[in-house]
Every structure is written in C-alpha cells, then in structure tokens.
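Here is target_18.cif, consisting of mmCIF, C-alpha atoms and all ligand atoms:
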```cif
data_run
loop_
_atom_site.label_atom_id
_atom_site.label_comp_id
_atom_site.auth_asym_id
_atom_site.auth_seq_id
_atom_site.Cartn_x
_atom_site.Cartn_y
_atom_site.Cartn_z
CA MET A 1 79.87 44.06 111.06
CA GLY A 2 77.13 45.64 108.99
CA LYS A 3 76.87 49.33 108.23
CA LEU A 4 74.87 51.04 110.96
CA VAL A 5 72.66 54.02 110.14
CA LEU A 6 70.82 55.88 112.90
CA TYR A 7 67.89 58.07 111.85
CA GLY A 8 67.09 60.81 114.35
CA ILE A 9 67.44 64.35 115.59
CA ASP A 10 69.39 65.57 118.63
CA PRO A 11 66.59 67.09 120.77
CA SER A 12 64.75 63.73 120.77
CA PRO A 13 65.42 61.84 124.03
CA PRO A 14 65.13 58.29 122.60
CA VAL A 15 67.52 59.26 119.79
CA ARG A 16 69.99 60.48 122.42
CA ALA A 17 69.68 57.16 124.28
CA CYS A 18 70.83 55.38 121.11
CA LEU A 19 73.66 57.89 120.62
CA LEU A 20 74.85 57.21 124.20
CA THR A 21 74.85 53.47 123.49
CA LEU A 22 76.67 53.79 120.16
CA LYS A 23 79.32 56.01 121.79
CA ALA A 24 79.67 53.74 124.85
CA LEU A 25 80.30 50.79 122.52
CA ASN A 26 82.58 52.91 120.34
CA LEU A 27 80.72 51.81 117.20
CA PRO A 28 81.08 53.53 113.83
CA PHE A 29 77.73 54.68 112.45
CA GLU A 30 76.18 57.14 110.05
CA TYR A 31 73.75 59.65 111.59
CA LYS A 32 70.97 60.74 109.24
CA VAL A 33 68.99 63.69 110.54
CA VAL A 34 65.20 63.37 110.21
CA ASN A 35 63.78 66.84 110.83
CA LEU A 36 60.45 66.31 112.57
CA PHE A 37 59.64 70.04 112.35
CA ALA A 38 59.93 69.85 108.53
CA LYS A 39 57.76 66.65 108.68
CA GLU A 40 60.56 64.55 107.16
CA HIS A 41 59.41 61.60 109.29
CA LEU A 42 56.14 61.58 107.31
CA SER A 43 57.86 61.27 103.92
CA GLU A 44 57.08 58.21 101.82
CA GLU A 45 60.73 57.17 102.06
CA TYR A 46 60.83 57.27 105.87
CA LEU A 47 57.40 55.62 106.26
CA LYS A 48 58.75 52.66 104.25
CA LYS A 49 61.44 52.27 106.90
CA ASN A 50 59.23 52.93 109.95
CA PRO A 51 55.45 53.06 109.42
CA GLN A 52 55.08 54.35 112.99
CA HIS A 53 57.12 57.40 111.84
CA THR A 54 59.06 57.76 115.08
CA VAL A 55 62.72 58.50 115.61
CA PRO A 56 65.04 56.79 116.34
CA THR A 57 65.20 54.06 113.72
CA LEU A 58 68.30 51.92 113.25
CA GLU A 59 69.14 50.38 109.88
CA GLU A 60 71.74 47.70 109.40
CA ASP A 61 72.14 46.19 105.94
CA GLY A 62 68.45 46.67 105.16
CA HIS A 63 67.24 45.41 108.58
CA LEU A 64 65.21 48.00 110.46
CA ILE A 65 64.65 48.35 114.19
CA TRP A 66 62.76 51.16 115.86
CA ASP A 67 62.05 52.20 119.40
CA SER A 68 65.18 53.15 121.31
CA HIS A 69 64.93 50.31 123.83
CA PRO A 70 65.20 47.36 121.44
CA ILE A 71 67.79 49.31 119.43
CA MET A 72 70.00 49.68 122.54
CA ALA A 73 69.46 46.05 123.56
CA TYR A 74 70.35 44.86 120.05
CA LEU A 75 73.53 46.94 119.84
CA VAL A 76 74.85 45.73 123.20
CA SER A 77 73.85 42.10 122.59
CA LYS A 78 75.47 42.06 119.18
CA TYR A 79 78.49 44.33 119.58
CA GLY A 80 79.21 44.70 123.32
CA LYS A 81 82.58 43.28 124.35
CA ASP A 82 80.72 41.92 127.40
CA ASP A 83 77.13 41.96 128.66
CA SER A 84 77.53 44.56 131.40
CA LEU A 85 75.37 47.23 129.70
CA TYR A 86 72.54 44.67 129.18
CA PRO A 87 73.11 41.63 131.41
CA LYS A 88 72.38 38.13 130.11
CA ASP A 89 71.49 36.99 133.63
CA LEU A 90 67.68 36.90 133.42
CA LEU A 91 66.95 38.41 136.81
CA LYS A 92 69.40 41.26 136.26
CA ARG A 93 68.02 41.78 132.76
CA ALA A 94 64.46 41.90 134.13
CA VAL A 95 65.45 44.86 136.32
CA VAL A 96 66.99 46.68 133.34
CA ASP A 97 63.85 45.93 131.30
CA GLN A 98 61.56 47.18 134.08
CA ARG A 99 63.45 50.47 134.23
CA MET A 100 63.27 50.84 130.45
CA TYR A 101 59.51 50.13 130.36
CA PHE A 102 59.18 52.74 133.09
CA GLU A 103 61.09 55.20 130.94
CA ALA A 104 58.97 54.42 127.86
CA GLY A 105 55.57 54.56 129.56
CA VAL A 106 55.88 56.88 132.53
CA LEU A 107 58.79 59.27 131.92
CA PHE A 108 58.75 59.66 128.16
CA GLN A 109 55.14 59.10 127.03
CA GLY A 110 53.29 59.95 130.25
CA GLY A 111 55.58 62.74 131.40
CA LEU A 112 57.27 64.34 128.43
CA ARG A 113 55.55 63.57 125.15
CA ASN A 114 52.05 64.28 126.48
CA ILE A 115 53.22 67.86 127.08
CA THR A 116 55.73 68.43 124.27
CA ALA A 117 53.70 67.02 121.35
CA PRO A 118 50.72 69.42 121.95
CA LEU A 119 53.20 72.22 122.75
CA PHE A 120 55.39 71.93 119.66
CA PHE A 121 52.87 70.74 117.11
CA ARG A 122 49.64 72.51 118.26
CA ASN A 123 51.20 75.39 120.25
CA GLN A 124 49.26 74.32 123.35
CA THR A 125 51.10 76.38 125.95
CA GLN A 126 48.80 75.78 128.95
CA ILE A 127 50.00 72.88 131.06
CA PRO A 128 47.73 71.45 133.78
CA GLN A 129 49.35 71.38 137.23
CA HIS A 130 48.66 67.64 137.59
CA GLN A 131 51.03 66.92 134.68
CA ILE A 132 53.82 68.77 136.50
CA ASP A 133 52.93 66.92 139.73
CA SER A 134 53.21 63.58 137.89
CA ILE A 135 56.72 64.49 136.73
CA VAL A 136 57.79 65.26 140.30
CA GLU A 137 56.16 62.01 141.46
CA SER A 138 58.21 60.13 138.86
CA TYR A 139 61.42 61.71 140.27
CA GLY A 140 60.38 60.10 143.56
CA PHE A 141 60.13 56.69 141.85
CA LEU A 142 63.60 57.16 140.37
CA GLU A 143 64.95 58.14 143.80
CA SER A 144 63.55 54.84 145.14
CA PHE A 145 65.18 52.85 142.30
CA LEU A 146 68.50 54.30 143.51
CA LYS A 147 67.89 53.46 147.18
CA ASN A 148 70.46 50.66 147.34
CA ASN A 149 72.10 51.23 143.98
CA LYS A 150 74.46 53.71 142.41
CA TYR A 151 72.85 53.16 139.00
CA MET A 152 69.25 52.67 137.91
CA ALA A 153 69.46 48.88 137.63
CA GLY A 154 72.23 47.97 140.07
CA ASP A 155 75.85 48.69 140.87
CA HIS A 156 76.99 49.46 137.33
CA LEU A 157 75.96 51.40 134.26
CA THR A 158 73.37 49.81 131.94
CA ILE A 159 71.23 50.92 129.02
CA ALA A 160 68.51 51.71 131.60
CA ASP A 161 70.69 54.63 132.72
CA PHE A 162 71.11 55.80 129.13
CA SER A 163 67.36 55.64 128.56
CA ILE A 164 66.35 57.38 131.78
CA VAL A 165 68.97 60.14 131.66
CA THR A 166 67.61 61.35 128.32
CA SER A 167 64.07 61.81 129.68
CA VAL A 168 65.17 63.27 133.00
CA THR A 169 67.39 65.90 131.37
CA SER A 170 64.39 66.89 129.22
CA LEU A 171 61.74 66.83 131.97
CA VAL A 172 63.77 69.41 133.91
CA ALA A 173 62.37 71.94 131.43
CA PHE A 174 59.05 71.54 133.31
CA ALA A 175 60.16 70.56 136.83
CA GLU A 176 63.65 71.12 138.24
CA ILE A 177 65.12 68.34 140.37
CA ASP A 178 65.22 69.54 143.98
CA GLN A 179 68.52 68.21 145.30
CA SER A 180 67.32 68.20 148.92
CA LYS A 181 64.29 66.05 148.02
CA PHE A 182 66.05 63.83 145.50
CA PRO A 183 69.71 63.58 146.61
CA LYS A 184 70.38 60.19 145.02
CA LEU A 185 68.81 61.20 141.72
CA SER A 186 70.95 64.38 141.71
CA ALA A 187 74.14 62.39 142.43
CA TRP A 188 73.27 59.82 139.75
CA LEU A 189 72.73 62.61 137.22
CA LYS A 190 76.15 64.08 138.01
CA SER A 191 77.82 60.69 137.56
CA LEU A 192 76.14 60.23 134.16
CA GLN A 193 77.19 63.76 133.16
CA SER A 194 80.82 62.88 133.87
CA LEU A 195 80.91 60.15 131.18
CA PRO A 196 83.39 61.24 128.48
CA PHE A 197 80.82 60.92 125.67
CA TYR A 198 77.89 62.39 127.66
CA GLU A 199 77.93 65.95 126.40
CA GLU A 200 78.14 65.05 122.73
CA ALA A 201 75.56 62.26 122.91
CA ASN A 202 73.02 63.70 125.37
CA GLY A 203 74.00 67.03 126.94
CA ALA A 204 73.91 69.18 123.83
CA GLY A 205 70.60 67.77 122.51
CA ALA A 206 68.95 68.02 125.93
CA LYS A 207 69.95 71.68 126.15
CA GLN A 208 68.40 72.25 122.71
CA LEU A 209 65.12 70.69 123.82
CA VAL A 210 65.02 72.65 127.08
CA ALA A 211 65.72 75.89 125.15
CA MET A 212 62.87 75.07 122.73
CA VAL A 213 60.49 74.61 125.68
CA LYS A 214 61.70 77.78 127.43
CA SER A 215 61.17 79.81 124.24
CA LYS A 216 57.42 79.12 124.56
CA ASN A 217 55.22 81.23 126.79
CA LEU A 218 54.13 78.45 129.14
CA THR A 219 51.47 78.81 131.77
CA ILE A 220 50.63 76.24 134.41
CA VAL A 221 46.85 75.99 134.91
CA PRO A 222 44.92 74.30 137.78
N1 LIG B 1 59.24 54.85 122.72
C1 LIG B 1 59.82 55.40 121.51
C2 LIG B 1 59.43 56.87 121.36
C3 LIG B 1 59.78 57.46 120.00
C4 LIG B 1 59.14 58.82 119.79
O1 LIG B 1 57.96 59.01 120.15
N2 LIG B 1 59.90 59.73 119.17
C5 LIG B 1 59.35 61.05 118.87
C6 LIG B 1 60.44 62.12 118.96
S1 LIG B 1 61.08 62.28 120.59
C7 LIG B 1 58.84 61.05 117.43
O2 LIG B 1 59.40 60.40 116.58
N3 LIG B 1 57.75 61.80 117.17
C8 LIG B 1 57.20 61.93 115.86
C9 LIG B 1 55.98 61.06 115.64
O3 LIG B 1 55.64 60.24 116.53
O4 LIG B 1 55.36 61.19 114.59
C10 LIG B 1 61.33 55.20 121.54
O5 LIG B 1 61.86 54.96 122.64
O6 LIG B 1 61.97 55.21 120.49
#
```

Show this structure as structure tokens.
Amino acid sequence: MGKLVLYGIDPSPPVRACLLTLKALNLPFEYKVVNLFAKEHLSEEYLKKNPQHTVPTLEEDGHLIWDSHPIMAYLVSKYGKDDSLYPKDLLKRAVVDQRMYFEAGVLFQGGLRNITAPLFFRNQTQIPQHQIDSIVESYGFLESFLKNNKYMAGDHLTIADFSIVTSVTSLVAFAEIDQSKFPKLSAWLKSLQSLPFYEEANGAGAKQLVAMVKSKNLTIVP
C-alpha cells in the first residue's frame, strides 16, 4: 500500500469524517495539520495540492484527492476488508451516496459553513433565525432517514454515518437536538459515540469547534 497523508485540522467536520474512516479501517497514515486560521491552506505549496484550498485532502504517492466523500469512498473501496462501509451493490450504494450528498449540500454547506465561515473569518455574530430553523428542519430529515433503519443508510454502519455525525455534532453548537422530537437521531448519535475510535477521531474535534462557536457573542436576529 502507498503512504497515506491526510491534510486537515481537527475542528473541521469533513476532516473528522476521514479520520473516522481511517481509524475504522485501521490504516496507518500521516496527519499533516493545515491551520486555516493561519491561512496555511492558501500557501503556494498547499494550492499546488488542492487549488480549491479546502481540507481535507488525501495524498497517496503523489495522487491527490479532496472532498471528504470521495476520500472516504476511495479508502473503503481500496483498503476495506469487505464492502460493508461502502456497499458495491448499486442500490445500497445509491442510498449511501444520497445521504452523503445530503451531508455535503444541506448539513455542511447549507447548515454549518454558511454560518461558521462568516462567523470565524468576518466575525459576523448575528445569525438569522431562518438559518437556525433550517438546521432543526434538517434534524427532521435525518430522523426520517432513520425511520426503518438503525443507521443512516440501512442496518449497518457506512461512511454516510461517518459523514453525517461530523456535521451533526458541530450543528449542535447552534441548535441542540431535542430528544423528545428526534428520538431516533438521539439514539443513533449515542451508538456512533460508543465506537471505540469515536472520541479520538470526531468527539475531541467537535468539542473544539463547539467551544470556538460558544466563545463568540452570538445573537439570533429575526
Ligand atoms: N465538501 C467538502 C468541504 C470542505 C470544506 O469546505 N472544508 C473547510 C473547513 S471545514 C475549508 O477547507 N475551508 C477553507 C476554505 O474553503 O478556504 C468536503 O467534504 O471535504
């Protein structure tokens, strides 16, 4: 196997999704911290690797992949001892993909990044109520994904769970999950939190991000 290098930083949800996958597969890798707050992602060196200047980026023997979703899919497809984390069956895979597109578009970009990027990089501390409402609405969608399933894409763990848990444990900084309204989502979160590698790969970084949000003087505006 090639030498795997993951570029990222712990508070970043998509980086944590890749860390969960690397740990689940028990793969050796080097973790190179790219400090977004020191603008290291805009350095000439990093832009040569990823012109979109996002983290995570995975490098393997000079090959570069970015965006957490294809990174996770690649790692499981290449190194998984079986396909359970990213099924080869096309219908099952389509469900995993749908959940991951949902994470990328609705939870991460629509829900989280649209608040955190202005907050952290332009100190925009006023958050319109409708953005909070959208987050709560997205918890409802997740609850419905779990209607007949223990996990986000069926009866077992997949990379869709890894992706979604990273956003959800960050979005709680803006909207707590009400257990009485979202019982299945709450139970799913607990089951993810009980994974042996959870705390190291996601829990600690999520806490860092939530603490960074809470340190700001946020106000919700109509
Ligand atoms: N959909 C992408 C999102 C990546 C992303 O936006 N990462 C943020 C940090 S959480 C970032 O790199 N921001 C810096 C920038 O875009 O310049 C993924 O899943 O990897």

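Proximity of A:Asn114, A:Thr166, A:Gln98, A:Gln109 to Pro128 (chain A), computed with all atoms listed in the file, is greatest for A:Asn114.
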
*Env. residues ligand LIG 1 (chain B) / 7 Å / all atoms listed in the file / as a ChimeraX atom specification*: /A:12-15,36,41,52-56,66-69,104

*Neighbours of Leu189 (chain A) within 10 Å (all atoms listed in the file; same-chain residues fewer than 2 positions away dropped), as a list of chain:residue names?*
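In the requested format, the answer is A:Tyr151, A:Asp161, A:Ile164, A:Val165, A:Val168, A:Thr169, A:Pro183, A:Lys184, A:Leu185, A:Ser186, A:Ala187, A:Ser191, A:Leu192, A:Gln193, A:Ser194.
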
The selected residues should be written to file as an mmCIF file, in the coordinates of the input (atoms: C-alpha atoms).
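See again_28.cif below for the written result:
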```cif
data_model
loop_
_atom_site.group_PDB
_atom_site.id
_atom_site.type_symbol
_atom_site.label_atom_id
_atom_site.label_comp_id
_atom_site.auth_asym_id
_atom_site.auth_seq_id
_atom_site.Cartn_x
_atom_site.Cartn_y
_atom_site.Cartn_z
ATOM 1 C CA TYR A 151 72.850 53.160 139.000
ATOM 2 C CA ASP A 161 70.690 54.630 132.720
ATOM 3 C CA ILE A 164 66.350 57.380 131.780
ATOM 4 C CA VAL A 165 68.970 60.140 131.660
ATOM 5 C CA VAL A 168 65.170 63.270 133.000
ATOM 6 C CA THR A 169 67.390 65.900 131.370
ATOM 7 C CA PRO A 183 69.710 63.580 146.610
ATOM 8 C CA LYS A 184 70.380 60.190 145.020
ATOM 9 C CA LEU A 185 68.810 61.200 141.720
ATOM 10 C CA SER A 186 70.950 64.380 141.710
ATOM 11 C CA ALA A 187 74.140 62.390 142.430
ATOM 12 C CA SER A 191 77.820 60.690 137.560
ATOM 13 C CA LEU A 192 76.140 60.230 134.160
ATOM 14 C CA GLN A 193 77.190 63.760 133.160
ATOM 15 C CA SER A 194 80.820 62.880 133.870
#
```

*Between A:Val5, A:Ala211, A:Asp155, A:Pro11, single out the one closest to Phe29 (chain A), counting only C-alpha atoms.*
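Closest to Phe29 (chain A) of all the choices is A:Val5.
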
_I need the residue nearest Ser84 (chain A) from this list: A:Leu64, A:Ala153, A:Ala201, A:Ile177. Use all atoms listed in the file for the distance._
A:Ala153
